[in-house]
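First comes the structure, then the notes that go with it.
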Amino acid sequence: MTKPEILRLDSQQADFKEQLDKLLAWESVSNKEVNRTVEDILERVKAEGDAAVVEFTNRFDRLNVSSMQELEFTQQDLQQALDNLPEDQHKALTIAAQRVRDYHERQKGESWQYQEADGTLLGQKVTPMDKAGLYVPGGKASYPSSVLMNAIPAHVAGVEELIMVVPTPDGEVNQLVLAAAALAGVSRAFAIGGAQAVAALAYGTETIPKVDKIVGPGNIFVATAKRAVYGAVGIDMIAGPSEILVICDGQTDPDWIAMDLFSQAEHDEDAQPILISTDAAFLDQVSASIEKLLPTMERQAIIGRSLADRAALIKVADLEEAARVNNRIAPEHLELSVEDPQALLPLIKHAGAIFMGRYTAEALGDYCAGPNHVLPTSGTARFSSPLGVYDFQKRSSLIMFSEAGASEMGKVASVLARGESLTAHARSAEYRIKR
Ligand SMILES: NC(=O)c1ccc[n+]([C@@H]2O[C@H](COP(=O)([O-])OP(=O)(O)OC[C@H]3O[C@@H](n4cnc5c(N)ncnc54)[C@H](O)[C@@H]3O)[C@@H](O)[C@H]2O)c1
Ligand SMILES: N[C@H](CO)Cc1c[nH]c[nH+]1
Ligand SMILES: [Zn+2]
């Protein structure tokens with residue numbers, strides 16, 4: 001392919017803010033057509049159930065099945081895949097799963113209670129959701145790692161039923177995905193994807209159970225569908241096309257940085273790789289590395305499109321300004337490829353995951369560092385967090401008044417209730433005031 005023209009920006013240029021806003025706009029990937037397609041799929045699945053899921057799966061994943069039953073994997077399929085895995089893959093999967101479990105065990109929220117002097121008890125009870133829907137992407141690549149990242153925190157939280165969906169375009173089933181599902185204790189797994197899978201989990205069909213919450217990453221159709229079904233079902237976040245922002249002081253090998261940018265660009269034409277540096281000559285060096293390395297990449301067509309349409313190389317005055325630009329972007333992944341990442345860290349406010357130091361390739365976080373790789377995209381790291389055990393747990397408040405406490409607080413509630421003209425509230429509280 002021809003060399004991609006990558007957008008070059010300088011924070012000193014007059015229209016820098018406008019150019020940056022344009023680069024980051026969600027609309028640039030989720031256009032009206034995507035929204036219309038997704039709306040249509042959601043409506044059809046809601047109304048027609050299995051039949052619509054089968055029809056869309058045949059159309060978008062190029063299958064030829066006649067019933068939902070043909071699209072369900074059995075527990076035997078999953079276990080067999082795990083049993084037959086080549087030794088190196090079995091070992092890598094097990095190490096990754098253990099590290100992800102160790103990290104997530106630390107996130108477990110616990111119930112608590114405390115008692116006031118008059119015997120009144122207050123607290124919080126933590127309970128897992130009953131059923132979680134796990135979206136595992138599978139359109140342009142296979143994601144066994146996403147099976148672990150979705151299922152392990154759900155398991156740690158204590159969710160009983162894990163319903164996994166994963167598309168199998170052209171009927172190609174990835175054995176590592178099935179093996180990961182067995183290892184992580186998935187309850188049921190279906191070979192469906194896209195907006196139709198999200199709709200099936202959100203509304204339920206004859207075969208697919210309606211879940212309490214849908215989690216997991218996906219392309220723009222998946223992310224748009226999750227956003228649209230929110231309310232009928234819970235969702236974790238918008239975890240759409242991958243993003244990487246690298247802040248570099250110009251001292252890292254430019255080939256390393258080029259490959260780090262490629263690592264996220266190769267997910268999707270819609271993926272967004274951005275490099276910020278204080279050194280204009282370094283941006284040129286990375287540009288040269290990109291030109292040199294791109295022809296060697298298996299997925300150069302996808303990487304090339306992502307670089308041409310969604311990437312930028314940005315020159316800033318200093319690292320403080322780099323941090324400010326990062327906070328405006330709020331990327332999914334941030335690499336601090338600088339001499340002293342700890343010194344820069346206090347200035348970083350928004351990023352899904354922060355990879356610190358020249359040796360910390362973002363790719364390690366994708367597989368086996370331990371923290372979750374399901375992360376907020378499109379600037380939603382301003383208010384969303386990585387997928388975690390907390391996504392599968394919810395909290396109920398506990399309130400148990402003693403006789404004395406009910407009397408004291410009854411007086412307070414009575415005044416406030418009468419201030420709101422809610423007489424039944426006031427009288428309900430007043431009955432319990434000691435005379
Ligand atoms: N943010 C995160 O945490 C994170 C993690 C891993 C992957 N990702 C992202 O997940 C995405 C995976 O994408 P993918 O495509 O490989 O798999 P996917 O499973 O997300 O999407 C494939 C499905 O999209 C649907 N689809 C494709 N083209 C369509 C069309 N024209 N109309 C209607 N539906 C259509 C099909 O149903 C297909 O089954 C990538 O964007 C990747 O960057 C994000
Ligand atoms: N980088 C992806 C999250 O955006 C996760 C992933 C899985 N496999 C490879 N990468
Ligand atoms: Zn990745």
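Letters A, B, ... go to the chains of the structure tokens in the order shown; residues in each chain start at 1; ligands are counted from 1 in the same order.
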
Report the closest atom pair, with its distance in Å rounded to one decimal, for each residue of chain A that has an atom no farther than 6 Å from ligand 3; count only C-alpha atoms and all ligand atoms, sort by chain and then rising residue number, and write it as CSV.
```
residue,atom,partner,partner_atom_place_in_ligand_line,distance
A:Gln264,CA,ligand 3,1 (Zn),5.2
A:Ala363,CA,ligand 3,1 (Zn),5.9
A:Asp366,CA,ligand 3,1 (Zn),5.4
```

Open item on the list: DSSP on the backbone, alpha helix (DSSP H) only: what residues of range 197-312 of chain A does that give? Format it as a ChimeraX atom specification.
Closed with: /A:197-203,220-229,254-265,280-293,300-310

With only C-alpha atoms and all ligand atoms counted, collect every polymer residue having an atom within 6 Å of ligand 1; state the result as a short mmCIF file (atom, residue, chain, number, x, y, z; two decimals) with C-alpha atoms, in the first residue's frame.
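The result, written out as part06.cif:
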```cif
data_model
loop_
_atom_site.label_atom_id
_atom_site.label_comp_id
_atom_site.auth_asym_id
_atom_site.auth_seq_id
_atom_site.Cartn_x
_atom_site.Cartn_y
_atom_site.Cartn_z
CA PHE A 60 -22.83 -10.39 8.69
CA ASP A 61 -20.68 -13.40 9.57
CA PRO A 137 -14.92 -9.62 19.82
CA GLY A 138 -14.12 -11.78 16.82
CA GLY A 139 -14.58 -9.90 13.56
CA LYS A 140 -11.09 -8.95 12.44
CA ALA A 141 -9.10 -10.88 15.05
CA PRO A 167 -18.76 -14.06 16.36
CA GLY A 193 -21.57 -11.15 17.49
CA GLY A 194 -22.21 -7.55 16.54
CA PRO A 217 -15.22 -4.59 24.04
CA GLY A 218 -16.18 -4.49 20.39
CA ASN A 219 -16.16 -2.53 17.17
CA PHE A 221 -21.44 -1.60 15.84
CA VAL A 222 -21.03 -3.28 19.21
CA ALA A 239 -15.19 0.05 25.05
CA GLY A 240 -14.96 0.68 21.33
CA PRO A 241 -12.11 0.75 18.77
CA SER A 242 -8.71 0.67 20.47
CA HIS A 267 -7.05 -3.93 15.72
CA ASP A 268 -9.26 -1.88 13.45
CA ALA A 271 -8.42 2.47 15.98
CA HIS A 373 -7.67 -4.69 29.08
CA VAL A 374 -11.35 -3.80 28.68
CA LEU A 375 -11.04 -0.04 28.88
CA PRO A 376 -13.05 3.10 28.09
CA THR A 377 -12.56 4.72 24.67
#
```

TODO: Give me, please, the distance in Å between CA of Gln251 in chain A and CA of Phe16 in chain A, quoted to one decimal.
DONE: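 These atoms are spaced 25.0 Å apart.
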
- [ ] Give me, please, the distance in Å between CA of Ala181 in chain A and CA of Met68 in chain A, quoted to one decimal.
- [x]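 Atom-to-atom, CA of Ala181 in chain A to CA of Met68 in chain A, that is 19.5 Å.
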
Open item on the list: Counting only C-alpha atoms, which residue out of A:Val229, A:Ala323, A:Ile214, A:Val53 sits closest to Leu245 in chain A?
Closed with: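 Residue with the minimum atom-to-atom distance to Leu245 in chain A: A:Ala323.
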
Open item on the list: Taking only C-alpha atoms into account, name the residue in A:Phe383, A:Tyr367, A:Phe401, A:Phe392 that is nearest to Ser145 in chain A.
Closed with: A:Tyr367

Open item on the list: What's the separation between CA of Met259 in chain A and CA of Asn372 in chain A, in Å to one decimal place?
Closed with: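 Computing the Euclidean distance for CA of Met259 in chain A and CA of Asn372 in chain A yields 21.5 Å.
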